[in-house]
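The file model02.txt contains compact mmCIF, C-alpha atoms:
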```txt
# COMPACT_ATOMS: atom_id res chain seq x y z
CA MET H 1 31.40 8.70 -9.68
CA ASN H 2 33.09 5.90 -7.79
CA CYS H 3 31.55 2.50 -7.09
CA ASN H 4 30.94 3.27 -3.42
CA ASP H 5 28.74 6.23 -4.25
CA ALA H 6 27.10 4.18 -6.95
CA THR H 7 25.90 1.42 -4.60
CA MET H 8 23.28 3.62 -2.97
CA LEU H 9 22.18 5.17 -6.24
CA ILE H 10 21.86 1.81 -7.98
CA SER H 11 19.35 0.68 -5.38
CA ALA H 12 17.32 3.90 -5.77
CA TYR H 13 17.65 3.66 -9.56
CA ALA H 14 16.25 0.12 -9.46
CA ASP H 15 13.29 1.57 -7.53
CA GLY H 16 12.75 4.29 -10.12
CA GLU H 17 13.39 6.85 -7.40
CA THR H 18 16.32 8.81 -8.84
CA ASP H 19 15.87 12.30 -10.29
CA ARG H 20 16.81 13.13 -13.87
CA GLN H 21 20.37 14.18 -13.01
CA GLN H 22 21.00 11.08 -10.87
CA THR H 23 19.50 8.81 -13.51
CA ARG H 24 21.87 10.18 -16.13
CA THR H 25 24.88 9.81 -13.85
CA ILE H 26 24.04 6.26 -12.83
CA ARG H 27 23.33 5.16 -16.41
CA GLN H 28 26.73 6.45 -17.50
CA HIS H 29 28.39 4.64 -14.63
CA LEU H 30 26.54 1.37 -15.31
CA ALA H 31 27.57 1.51 -18.94
CA ALA H 32 31.20 1.99 -17.97
CA CYS H 33 31.49 -0.34 -14.96
CA PRO H 34 30.71 -4.04 -15.47
CA GLN H 35 30.90 -4.71 -11.72
CA CYS H 36 28.19 -2.21 -10.89
CA ALA H 37 26.15 -3.36 -13.88
CA ALA H 38 26.26 -6.86 -12.41
CA ARG H 39 25.27 -5.46 -9.03
CA HIS H 40 22.30 -3.76 -10.64
CA GLU H 41 21.21 -7.04 -12.16
CA GLN H 42 21.56 -8.83 -8.81
CA LEU H 43 19.33 -6.19 -7.23
CA ALA H 44 16.62 -6.81 -9.80
CA GLU H 45 16.91 -10.52 -9.08
CA LEU H 46 16.68 -9.91 -5.34
CA ARG H 47 13.53 -7.86 -5.80
CA THR H 48 11.89 -10.58 -7.88
CA ARG H 49 12.74 -13.15 -5.23
CA VAL H 50 11.62 -11.01 -2.29
CA ARG H 51 8.31 -10.22 -3.94
CA SER H 52 7.63 -13.82 -4.88
CA GLU H 53 9.03 -15.62 -1.82
CA VAL H 54 8.33 -13.31 1.12
CA PRO H 55 4.71 -13.37 2.32
CA ARG H 56 2.58 -10.27 2.72
CA TYR H 57 0.43 -11.13 5.72
CA SER H 58 -3.31 -10.38 5.82
CA ALA H 59 -5.13 -9.33 8.96
CA PRO H 60 -6.63 -12.40 10.68
CA PRO H 61 -10.48 -12.46 10.74
CA GLY H 62 -10.48 -12.19 14.55
CA LEU H 63 -8.50 -8.96 14.47
CA ARG H 64 -10.80 -7.51 11.82
CA ALA H 65 -13.84 -8.41 13.91
CA ASN H 66 -12.34 -6.77 17.01
CA VAL H 67 -11.54 -3.60 15.12
CA LEU H 68 -15.05 -3.45 13.65
CA ALA H 69 -16.45 -3.91 17.16
CA SER H 70 -14.40 -1.01 18.52
CA ILE H 71 -15.65 1.19 15.67
CA ASP H 72 -19.21 0.29 16.61
CA ALA H 73 -18.50 1.10 20.23
CA ALA H 74 -17.01 4.44 19.22
CA ARG H 75 -20.06 5.19 17.06
CA ARG H 76 -22.43 4.49 19.93
CA SER H 77 -20.60 6.81 22.31
CA GLU H 78 -20.33 9.61 19.77
CA PRO H 79 -23.60 11.61 19.39
CA ALA H 80 -23.33 13.55 22.68
CA ARG H 81 -19.81 14.63 21.99
CA VAL H 82 -20.58 15.70 18.45
CA ARG H 83 -23.44 17.90 19.63
CA ILE H 84 -21.23 19.75 22.10
CA THR H 85 -18.56 20.33 19.48
CA ASP H 86 -21.19 21.63 17.09
CA ARG H 87 -22.54 24.05 19.64
CA TRP H 88 -19.05 25.43 20.31
CA ARG H 89 -18.48 25.85 16.65
CA TRP H 90 -21.81 27.61 16.37
CA LEU H 91 -21.07 30.04 19.19
CA THR H 92 -17.53 30.93 18.24
CA GLY H 93 -17.81 30.58 14.52
CA GLY H 94 -20.19 33.45 13.69
CA ALA H 95 -17.55 35.80 12.33
CA LEU H 96 -15.81 32.97 10.56
CA ALA H 97 -19.06 31.94 8.95
CA GLY H 98 -19.41 35.43 7.50
CA CYS H 99 -15.92 35.22 6.03
CA ALA H 100 -16.59 31.73 4.74
CA ALA H 101 -19.76 32.85 3.00
CA THR H 102 -17.84 35.57 1.19
CA MET H 103 -15.07 33.16 0.25
CA LEU H 104 -17.60 30.64 -0.92
CA ALA H 105 -19.24 33.19 -3.19
CA TRP H 106 -15.82 34.22 -4.46
CA PHE H 107 -14.63 30.77 -5.31
CA VAL H 108 -17.91 29.24 -6.27
CA GLY H 109 -17.18 28.91 -9.97
CA THR H 110 -13.79 27.21 -9.69
CA THR H 111 -14.70 25.18 -6.62
CA VAL H 112 -17.73 23.62 -8.23
CA ILE H 113 -15.64 22.61 -11.22
CA ALA H 114 -12.87 21.22 -8.99
CA TYR H 115 -15.45 19.33 -6.95
CA GLN H 116 -16.95 17.74 -10.03
CA GLU H 117 -13.55 16.74 -11.34
CA ASN H 118 -12.71 15.26 -7.98
CA HIS H 119 -15.99 13.51 -7.70
CA ASP H 120 -15.61 11.57 -10.91
CA ILE H 121 -15.73 7.89 -11.56
CA ALA H 122 -12.26 7.27 -10.06
CA MET H 123 -13.57 8.40 -6.68
CA GLU H 124 -16.65 6.21 -7.06
CA ALA H 125 -14.45 3.28 -8.06
CA VAL H 126 -12.31 3.67 -4.93
CA THR H 127 -15.41 3.87 -2.73
CA SER H 128 -16.83 0.79 -4.36
CA HIS H 129 -13.51 -1.08 -4.00
CA VAL H 130 -13.32 -0.19 -0.31
CA ARG H 131 -16.94 -1.15 0.29
CA ALA H 132 -16.44 -4.49 -1.44
CA THR H 133 -13.25 -5.24 0.48
CA LEU H 134 -14.84 -4.43 3.83
CA GLY H 135 -18.14 -6.13 3.29
CA ASN H 136 -16.79 -9.42 1.97
CA HIS H 137 -18.80 -9.14 -1.23
CA LEU H 138 -15.69 -8.68 -3.32
CA ILE H 139 -16.48 -11.69 -5.46
CA GLN H 140 -19.88 -12.94 -6.59
CA VAL H 141 -18.56 -15.48 -9.06
CA ALA H 142 -15.37 -17.11 -7.80
CA SER H 143 -13.35 -18.73 -10.53
CA SER H 144 -9.88 -18.48 -11.97
CA ASN H 145 -11.34 -19.61 -15.27
CA GLN H 146 -12.08 -16.75 -17.67
CA HIS H 147 -14.61 -18.96 -19.46
CA THR H 148 -16.68 -19.19 -16.28
CA VAL H 149 -16.47 -15.54 -15.28
CA LYS H 150 -17.24 -14.04 -18.68
CA PRO H 151 -20.62 -15.76 -19.30
CA TRP H 152 -21.68 -15.09 -15.69
CA LEU H 153 -21.07 -11.37 -16.18
CA SER H 154 -22.52 -11.24 -19.70
CA ALA H 155 -25.76 -12.80 -18.51
CA ARG H 156 -26.26 -9.94 -16.06
CA LEU H 157 -25.24 -6.97 -18.21
CA ASP H 158 -26.22 -5.34 -21.49
CA TYR H 159 -22.67 -5.86 -22.78
CA SER H 160 -20.14 -8.65 -22.78
CA PRO H 161 -16.89 -7.75 -21.01
CA PRO H 162 -13.61 -9.38 -22.10
CA VAL H 163 -11.91 -11.36 -19.31
CA PRO H 164 -8.21 -11.59 -20.23
CA ASP H 165 -6.02 -14.32 -18.79
CA MET H 166 -3.20 -12.37 -17.09
CA GLU H 167 -1.48 -15.30 -15.37
CA LYS H 168 1.58 -14.86 -17.61
CA GLU H 169 2.21 -11.46 -16.08
CA GLY H 170 1.64 -12.79 -12.58
CA PHE H 171 -1.95 -11.65 -12.09
CA THR H 172 -4.32 -14.39 -10.94
CA LEU H 173 -8.00 -14.09 -11.76
CA LEU H 174 -10.06 -14.56 -8.58
CA GLY H 175 -13.49 -13.95 -10.06
CA GLY H 176 -15.90 -11.12 -10.70
CA ARG H 177 -18.95 -9.22 -9.53
CA ILE H 178 -21.46 -6.70 -10.75
CA ASP H 179 -20.98 -3.28 -9.24
CA TYR H 180 -22.97 -0.11 -9.62
CA LEU H 181 -20.80 2.69 -10.92
CA ASP H 182 -21.51 5.90 -12.82
CA GLN H 183 -25.23 5.18 -12.58
CA ARG H 184 -25.04 1.86 -14.33
CA ALA H 185 -24.33 -1.78 -13.59
CA MET H 186 -20.72 -2.51 -14.41
CA ALA H 187 -18.59 -5.63 -14.80
CA THR H 188 -15.92 -5.87 -12.13
CA LEU H 189 -13.07 -8.34 -12.47
CA VAL H 190 -11.02 -9.24 -9.43
CA TYR H 191 -7.35 -10.15 -9.85
CA ARG H 192 -4.61 -10.75 -7.35
CA ILE H 193 -0.87 -10.17 -7.45
CA ARG H 194 1.47 -10.83 -4.52
CA ASP H 195 -1.39 -10.71 -2.01
CA HIS H 196 -2.72 -7.40 -3.32
CA THR H 197 -6.27 -7.47 -4.61
CA ILE H 198 -7.08 -5.50 -7.74
CA ASP H 199 -10.58 -4.49 -8.81
CA VAL H 200 -10.96 -3.87 -12.53
CA PHE H 201 -14.05 -2.05 -13.77
CA VAL H 202 -14.79 -2.75 -17.42
CA CYS H 203 -17.36 -1.00 -19.57
CA PRO H 204 -17.97 0.04 -23.17
CA ARG H 205 -16.50 3.43 -23.98
CA ALA H 206 -19.44 5.50 -22.94
CA VAL H 207 -18.67 6.77 -19.47
CA ARG H 208 -16.77 9.71 -18.04
CA MET H 209 -13.25 8.53 -17.35
CA PRO H 210 -10.74 10.30 -15.11
CA PRO H 211 -8.74 13.04 -16.82
CA SER H 212 -5.38 11.69 -15.65
CA PRO H 213 -4.37 8.05 -16.28
CA THR H 214 -3.18 7.33 -12.73
CA ARG H 215 -4.20 8.84 -9.42
CA THR H 216 -3.99 8.14 -5.73
CA ILE H 217 -7.13 8.59 -3.68
CA ARG H 218 -7.00 7.96 0.07
CA GLY H 219 -3.85 5.91 -0.38
CA ILE H 220 -5.44 3.68 -2.99
CA ASN H 221 -4.20 3.84 -6.57
CA VAL H 222 -6.41 4.13 -9.62
CA ALA H 223 -5.20 3.56 -13.18
CA HIS H 224 -7.13 3.90 -16.39
CA ALA H 225 -6.63 2.77 -19.99
CA SER H 226 -8.79 2.67 -23.10
CA GLY H 227 -8.88 -0.35 -25.36
CA ALA H 228 -10.48 -0.92 -28.75
CA GLN H 229 -13.96 -1.52 -27.36
CA MET H 230 -13.75 -1.11 -23.63
CA ASP H 231 -12.56 1.30 -20.99
CA TRP H 232 -10.61 -0.21 -18.11
CA LEU H 233 -10.28 1.20 -14.62
CA ALA H 234 -8.11 -0.65 -12.09
CA VAL H 235 -8.18 0.07 -8.35
CA SER H 236 -5.72 -1.37 -5.82
CA ASP H 237 -3.08 -0.65 -3.18
CA VAL H 238 -0.44 -2.16 -5.44
CA SER H 239 2.13 0.40 -6.68
CA PRO H 240 1.00 2.88 -9.38
CA ASP H 241 3.53 1.69 -11.99
CA VAL H 242 2.48 -1.96 -11.61
CA LEU H 243 -1.18 -0.95 -11.79
CA SER H 244 -0.83 1.24 -14.86
CA SER H 245 1.12 -1.35 -16.86
CA PHE H 246 -1.44 -3.98 -15.78
CA VAL H 247 -4.38 -1.89 -16.95
CA ALA H 248 -2.59 -1.01 -20.20
CA SER H 249 -2.02 -4.70 -20.84
CA LEU H 250 -5.71 -5.45 -20.15
CA ALA H 251 -6.74 -2.77 -22.61
CA ARG H 252 -4.51 -4.37 -25.25
CA GLY H 253 -6.37 -7.63 -24.68
CA GLY H 254 -3.95 -9.39 -22.35
CA PRO H 255 -0.30 -10.44 -22.47
CA THR H 256 1.13 -10.61 -25.97
CA GLN H 257 1.57 -14.22 -26.96
CA MET X 1 -10.28 25.02 6.67
CA GLN X 2 -10.90 22.79 3.69
CA ALA X 3 -10.21 19.65 5.62
CA GLU X 4 -12.65 20.80 8.26
CA HIS X 5 -15.22 21.34 5.58
CA GLY X 6 -14.69 17.77 4.42
CA GLY X 7 -14.90 16.32 7.91
CA TRP X 8 -17.79 18.44 9.09
CA THR X 9 -20.53 15.86 8.94
CA LEU X 10 -18.46 12.71 9.43
CA SER X 11 -17.98 11.29 12.89
CA ASP X 12 -14.53 10.06 13.92
CA ALA X 13 -15.65 6.45 13.75
CA SER X 14 -16.91 6.89 10.20
CA ARG X 15 -13.75 8.70 9.17
CA PHE X 16 -11.66 5.89 10.62
CA ALA X 17 -13.80 3.26 8.88
CA GLU X 18 -13.45 5.08 5.60
CA LEU X 19 -9.81 6.19 5.70
CA CYS X 20 -7.97 3.57 7.77
CA LEU X 21 -9.96 0.34 7.78
CA PRO X 22 -9.27 -0.38 4.08
CA HIS X 23 -5.58 -0.52 5.04
CA LEU X 24 -5.93 -3.05 7.85
CA ASP X 25 -3.97 -5.67 5.88
CA SER X 26 -1.12 -3.21 5.31
CA ALA X 27 -1.18 -2.34 9.01
CA TYR X 28 -1.12 -5.97 10.08
CA ASN X 29 1.60 -6.89 7.58
CA LEU X 30 3.88 -4.13 8.90
CA ALA X 31 3.17 -5.07 12.52
CA ARG X 32 3.66 -8.76 11.77
CA TRP X 33 7.09 -8.15 10.23
CA LEU X 34 8.11 -5.79 13.01
CA THR X 35 7.01 -7.99 15.93
CA ARG X 36 7.66 -11.28 14.09
CA ASP X 37 4.74 -12.77 15.98
CA THR X 38 1.07 -13.26 15.12
CA GLN X 39 -0.38 -12.39 18.52
CA ASP X 40 1.97 -9.48 19.22
CA ALA X 41 1.19 -8.07 15.78
CA GLN X 42 -2.54 -8.16 16.56
CA ASP X 43 -1.94 -6.37 19.87
CA VAL X 44 0.07 -3.66 18.12
CA VAL X 45 -2.58 -3.16 15.42
CA GLN X 46 -5.38 -3.02 18.02
CA ASP X 47 -3.46 -0.38 19.95
CA ALA X 48 -2.87 1.52 16.70
CA CYS X 49 -6.58 1.40 15.89
CA VAL X 50 -7.49 2.84 19.27
CA ARG X 51 -5.04 5.70 18.67
CA ALA X 52 -6.19 6.21 15.10
CA LEU X 53 -9.83 6.37 16.21
CA LYS X 54 -8.88 8.99 18.76
CA TYR X 55 -6.87 11.22 16.43
CA VAL X 56 -8.49 10.63 13.05
CA GLY X 57 -10.24 13.99 13.44
CA SER X 58 -6.86 15.67 13.03
CA LEU X 59 -6.08 13.82 9.78
CA HIS X 60 -6.24 16.53 7.16
CA GLY X 61 -5.93 15.27 3.65
CA ASN X 62 -6.66 11.90 2.22
CA ASP X 63 -3.66 9.67 2.65
CA GLY X 64 -5.10 7.43 5.32
CA ARG X 65 -2.66 4.66 4.49
CA ALA X 66 0.58 6.50 5.26
CA TRP X 67 -1.04 8.13 8.28
CA PHE X 68 -2.31 4.82 9.65
CA LEU X 69 1.02 3.04 9.02
CA THR X 70 2.82 5.84 10.89
CA ILE X 71 0.60 5.14 13.88
CA VAL X 72 1.15 1.39 13.61
CA ARG X 73 4.89 1.95 13.57
CA ASN X 74 4.73 4.24 16.61
CA ALA X 75 2.53 1.72 18.40
CA PHE X 76 5.12 -0.95 17.65
CA TYR X 77 8.03 1.01 19.12
CA ASP X 78 5.99 1.81 22.23
CA TRP X 79 5.10 -1.86 22.51
CA LEU X 80 8.78 -2.76 22.10
CA ALA X 81 9.82 -0.37 24.87
CA ARG X 82 7.17 -1.87 27.18
CA ASN X 83 7.75 -5.53 26.38
CA ARG X 84 11.30 -5.91 25.14
CA PRO X 85 13.20 -2.84 26.31
CA ALA X 86 16.52 -4.55 25.59
CA GLU X 87 15.77 -4.49 21.89
CA VAL X 88 15.11 -0.80 21.58
CA VAL X 89 17.82 0.58 19.35
CA HIS X 90 18.74 4.22 19.83
CA ASP X 91 21.93 4.11 17.82
CA GLU X 92 21.58 4.65 14.11
CA ASN X 93 24.74 2.66 13.46
CA ASP X 94 24.55 -0.53 11.51
CA THR X 95 26.79 -2.25 14.05
CA VAL X 96 23.86 -2.23 16.45
CA ASP X 97 21.75 -5.16 15.52
CA ALA X 98 20.36 -5.93 18.94
CA ALA X 99 16.90 -6.01 17.46
CA ALA X 100 17.92 -9.07 15.49
CA ASP X 101 18.47 -11.15 18.62
CA LEU X 102 14.86 -11.77 19.28
CA ALA X 103 15.18 -14.31 22.06
CA THR X 104 18.67 -13.29 23.21
CA PRO X 105 19.82 -16.79 22.32
CA GLY X 106 22.86 -18.69 23.52
CA PRO X 107 25.51 -20.07 21.14
CA GLU X 108 23.59 -23.28 20.47
CA GLN X 109 20.49 -21.41 19.60
CA VAL X 110 22.47 -19.13 17.33
CA ALA X 111 23.73 -22.15 15.42
CA LEU X 112 20.22 -23.52 15.28
CA ARG X 113 18.89 -20.19 14.19
CA ASN X 114 21.36 -19.94 11.33
CA ALA X 115 20.41 -23.43 10.25
CA GLU X 116 16.78 -22.36 10.39
CA LEU X 117 17.36 -19.58 7.92
CA ARG X 118 15.92 -21.63 5.14
CA VAL X 119 13.79 -19.16 3.32
CA LEU X 120 14.25 -15.58 2.26
CA GLY X 121 11.55 -14.46 4.70
CA ASP X 122 13.72 -15.67 7.58
CA ALA X 123 16.62 -13.56 6.30
CA LEU X 124 14.33 -10.53 6.18
CA ALA X 125 13.03 -11.29 9.68
CA ALA X 126 16.62 -11.43 10.95
CA LEU X 127 17.44 -7.88 9.80
CA PRO X 128 17.57 -5.11 12.42
CA ALA X 129 14.19 -3.39 12.73
CA GLN X 130 15.16 -0.11 11.07
CA TYR X 131 16.25 -1.97 7.93
CA ARG X 132 13.40 -4.47 8.05
CA GLU X 133 10.75 -1.76 8.18
CA VAL X 134 11.95 0.14 5.11
CA LEU X 135 12.23 -3.07 3.09
CA VAL X 136 8.74 -4.21 4.10
CA LEU X 137 7.27 -0.81 3.26
CA ARG X 138 9.05 -0.77 -0.09
CA GLU X 139 8.85 -4.35 -1.33
CA LEU X 140 5.64 -5.65 0.24
CA GLU X 141 3.60 -2.48 0.61
CA GLU X 142 5.11 -0.95 -2.56
CA LEU X 143 5.22 2.56 -1.14
CA SER X 144 7.23 5.42 -2.62
CA TYR X 145 10.36 6.81 -0.94
CA LYS X 146 8.37 9.92 -0.07
CA GLU X 147 5.69 7.91 1.71
CA ILE X 148 8.28 5.80 3.53
CA ALA X 149 10.13 8.96 4.60
CA SER X 150 6.95 10.33 6.12
CA ILE X 151 6.03 7.07 7.88
CA VAL X 152 9.47 6.40 9.35
CA ASP X 153 10.07 10.13 9.89
CA ILE X 154 13.48 10.27 8.21
CA PRO X 155 14.74 12.27 5.20
CA ILE X 156 14.35 10.73 1.74
CA GLY X 157 18.13 10.44 1.50
CA THR X 158 18.11 8.22 4.57
CA VAL X 159 15.36 6.05 3.06
CA MET X 160 17.65 5.65 0.05
CA SER X 161 20.73 4.67 2.05
CA ARG X 162 18.82 2.37 4.42
CA LEU X 163 17.21 0.50 1.57
CA ALA X 164 20.55 0.11 -0.20
CA ARG X 165 22.14 -1.18 3.00
CA ALA X 166 19.20 -3.46 3.82
CA ARG X 167 19.43 -5.02 0.37
CA GLY X 168 23.16 -5.47 0.79
CA MET X 169 22.54 -7.33 4.06
CA LEU X 170 19.93 -9.52 2.44
CA GLN X 171 22.24 -10.30 -0.47
CA ARG X 172 25.02 -11.37 1.87
CA SER X 173 22.62 -13.69 3.66
CA PRO X 174 23.54 -17.36 3.20
CA VAL X 175 19.89 -18.11 2.43
CA LEU X 176 20.26 -16.52 -0.94
CA TYR X 177 22.87 -19.08 -1.95
CA ALA X 178 21.42 -22.02 -0.05
CA ILE X 179 18.26 -22.37 -2.05
CA GLY X 180 18.69 -22.45 -5.80
CA GLY X 181 19.99 -18.93 -6.19
CA GLN X 182 19.55 -19.27 -9.90
CA THR X 183 19.82 -16.11 -11.83
CA ALA X 184 16.88 -15.54 -14.07
CA ARG X 185 18.44 -13.48 -16.80
CA SER X 186 15.49 -11.73 -18.25
CA ALA X 187 15.20 -8.23 -19.58
CA PRO X 188 14.02 -5.74 -16.95
```

Re-express the file's structure as structure tokens.
Amino acid sequence: MNCNDATMLISAYADGETDRQQTRTIRQHLAACPQCAARHEQLAELRTRVRSEVPRYSAPPGLRANVLASIDAARRSEPARVRITDRWRWLTGGALAGCAATMLAWFVGTTVIAYQENHDIAMEAVTSHVRATLGNHLIQVASSNQHTVKPWLSARLDYSPPVPDMEKEGFTLLGGRIDYLDQRAMATLVYRIRDHTIDVFVCPRAVRMPPSPTRTIRGINVAHASGAQMDWLAVSDVSPDVLSSFVASLARGGPTQ
Amino acid sequence: MQAEHGGWTLSDASRFAELCLPHLDSAYNLARWLTRDTQDAQDVVQDACVRALKYVGSLHGNDGRAWFLTIVRNAFYDWLARNRPAEVVHDENDTVDAAADLATPGPEQVALRNAELRVLGDALAALPAQYREVLVLRELEELSYKEIASIVDIPIGTVMSRLARARGMLQRSPVLYAIGGQTARSAP
């Protein structure tokens, strides 16, 4: 591999987006070519600077209000249209319905299992995150001080959730709230990194947790880790690798000193 | 069939509220970096929301974010064609950076503009749109190459080469040397 070909691959390698073959090739080249190794380091530096210095803009309140208003308007004008569509479906869909009934019977066993797996706590967590973000009740106790948030939560729950200080890893504590998840009240910590909000659900190890450690539901990432006493479930639109290392660090009790 | 099953009882407005609204910040951020203007960005996002509300019934699957961002991007390029037709870039070549000359400035303004490049964000804003958008999607929205490929409607290989080139442009920007430019040598 020459250095020209390497340039493009180095950038993808820094993003963790090379396949196994490419990764091997680029690692060999980086080990052999000090110039490209330096370039790789500069790229990492550039990323750090871009992510810390370039703003990620949030939608202004006025825009949000306008969009919500247009949704309301759409809702009001909808019922008539929905009824017509339903009638059409009813008239033309008779044969299809017969087929569907058979298929349903056929797949009922596996589908029910798949549905339950899909409808686990990760799904609930995403719904709850979305609801909180939309309704402005993301934070009930606003404080970057763990010693304020922890007692507030403990006073309202039958357990006392740890509230790790994650500032060292770049995650700022914004506060917390009580959310209702998996049929119980649950401590929810709210952190922020680079303008992305992260909800962290914390509870003693007694609930159903998602089978896979990281998932993406409706474009929102969910990562899970188990600690000594607690289970941790983080929900955010930050990238899956950032989220999973964050939640793993929380489960360990925060950044290692 | 399955998607229809999922969407059977939900109205379009509810589907939009559930699948797209949570990504309003992402939508605005992309539009803001593409238009480089607060008001224009809001116009683009509003237009995108109208479109999304109209077509959300055809969104099969769950990735509302990528779908919504695709619409925002399309709304931006339509807006660009309507409002600043001179900036529409058809050529894929990197020599075409017409999109960078926002106000078609004269020589004095160019000098001023270069002097104004004080912060890294300005250097990003000065990149041609097709490089700016992939960098914003990658670094600020933290999307995967696959998601970016689907939003920008280019092959993954092109995402790869555009990002590499965009980073090269950013690294050559004087801004990077002007302020500090200290290398933090820490382990990755």

Exercise answer, chain X residues close to chain H, 6 Å and all atoms listed in the file, as a VMD selection string: chain X and resid 13 22 25 28 to 29 62 to 65 121 142 161 164

For Ile193 of chain H, the closest of H:Thr214, H:Ser154, H:Ser236, H:Ser226 counting all atoms listed in the file is H:Ser236

Counting all atoms listed in the file, find residues at most 10 Å from (-14.4, -17.9, -15.3) (file frame) and give them as a ChimeraX atom specification. /H:141-153,163,165,173-176

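Note that atom CA of Glu18 of chain X and atom CA of Leu157 of chain H are 29.2 Å apart.
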
How far is it from atom CA of Leu163 of chain X to atom CA of Glu139 of chain X, in Å with one decimal? 10.1 Å

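Distance-wise, atom CA of Cys203 of chain H and atom CA of Glu167 of chain H end up 21.8 Å apart.
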
Can you tell me which residues surround Ile148 of chain X at a distance of at most 9 Å, considering only C-alpha atoms, apart from same-chain residues fewer than 4 positions away, and format the answer as a list in words? Ala66, Val134, Leu137, Arg138, Leu143, Ser144, Val152, Asp153, Ile154, Ile156 and Val159 of chain X

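For Gly253 of chain H, the set of protein, DNA and RNA residues having any atom at most 10 Å away, when counting all atoms listed in the file and skipping those fewer than 4 positions along the same chain, is Pro162, Val163, Pro164, Asp165, Met166, Gly227, Ala228, Met230, Val247, Ala248 and Ser249 of chain H.
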
Of the listed residues H:Thr23, H:Ser245, H:Asn2, H:Ser128, that which approaches Tyr180 of chain H most closely, counting all atoms listed in the file: H:Ser128

Under the rule that all atoms listed in the file are counted, which of H:Pro161, H:Pro61, H:Pro255, H:Gly170 is the nearest residue to Trp232 of chain H? H:Pro161

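Comparing the minimum interatomic distances between Asp78 of chain X and each of X:Leu59, X:Val44, X:Ile151, X:Leu120, counting only C-alpha atoms, we find that X:Val44 sits nearest.
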
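Residue nearest Ser26 of chain X within the list H:Thr197, H:Ile178, H:Leu138, H:Ala38: H:Thr197 [criterion: smallest interatomic distance, all atoms listed in the file].
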
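Across X:Gly168, X:Met160, X:Asp40, X:Ala52, the tightest approach to Asp12 of chain X is made by X:Ala52 when counting all atoms listed in the file.
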
Please reconstruct the missing atoms of segment 175-188 of chain H (target: N, CA and C atoms) and return them as an mmCIF file, in the coordinates of the input.
```cif
data_model
loop_
_atom_site.group_PDB
_atom_site.id
_atom_site.type_symbol
_atom_site.label_atom_id
_atom_site.label_comp_id
_atom_site.auth_asym_id
_atom_site.auth_seq_id
_atom_site.Cartn_x
_atom_site.Cartn_y
_atom_site.Cartn_z
ATOM 1 N N GLY H 175 -12.075 -13.880 -9.746
ATOM 2 C CA GLY H 175 -13.490 -13.950 -10.060
ATOM 3 C C GLY H 175 -14.011 -12.606 -10.492
ATOM 4 N N GLY H 176 -15.319 -12.387 -10.285
ATOM 5 C CA GLY H 176 -15.900 -11.120 -10.700
ATOM 6 C C GLY H 176 -17.151 -10.802 -9.916
ATOM 7 N N ARG H 177 -17.669 -9.595 -10.130
ATOM 8 C CA ARG H 177 -18.950 -9.220 -9.530
ATOM 9 C C ARG H 177 -19.565 -8.126 -10.378
ATOM 10 N N ILE H 178 -20.825 -7.840 -10.111
ATOM 11 C CA ILE H 178 -21.460 -6.700 -10.750
ATOM 12 C C ILE H 178 -21.464 -5.572 -9.734
ATOM 13 N N ASP H 179 -20.967 -4.416 -10.137
ATOM 14 C CA ASP H 179 -20.980 -3.280 -9.240
ATOM 15 C C ASP H 179 -21.779 -2.156 -9.890
ATOM 16 N N TYR H 180 -22.177 -1.203 -9.086
ATOM 17 C CA TYR H 180 -22.970 -0.110 -9.620
ATOM 18 C C TYR H 180 -22.105 1.140 -9.616
ATOM 19 N N LEU H 181 -21.752 1.602 -10.812
ATOM 20 C CA LEU H 181 -20.800 2.690 -10.920
ATOM 21 C C LEU H 181 -21.271 3.644 -12.021
ATOM 22 N N ASP H 182 -21.138 4.939 -11.804
ATOM 23 C CA ASP H 182 -21.510 5.900 -12.820
ATOM 24 C C ASP H 182 -22.952 5.675 -13.283
ATOM 25 N N GLN H 183 -23.792 5.377 -12.344
ATOM 26 C CA GLN H 183 -25.230 5.180 -12.580
ATOM 27 C C GLN H 183 -25.536 4.061 -13.548
ATOM 28 N N ARG H 184 -24.719 3.033 -13.518
ATOM 29 C CA ARG H 184 -25.040 1.860 -14.330
ATOM 30 C C ARG H 184 -24.395 0.620 -13.717
ATOM 31 N N ALA H 185 -24.928 -0.533 -14.043
ATOM 32 C CA ALA H 185 -24.330 -1.780 -13.590
ATOM 33 C C ALA H 185 -23.055 -2.017 -14.396
ATOM 34 N N MET H 186 -21.989 -2.405 -13.716
ATOM 35 C CA MET H 186 -20.720 -2.510 -14.410
ATOM 36 C C MET H 186 -19.991 -3.803 -14.034
ATOM 37 N N ALA H 187 -19.371 -4.421 -15.036
ATOM 38 C CA ALA H 187 -18.590 -5.630 -14.800
ATOM 39 C C ALA H 187 -17.353 -5.291 -13.978
ATOM 40 N N THR H 188 -17.100 -6.072 -12.958
ATOM 41 C CA THR H 188 -15.920 -5.870 -12.130
ATOM 42 C C THR H 188 -15.143 -7.167 -12.044
#
```
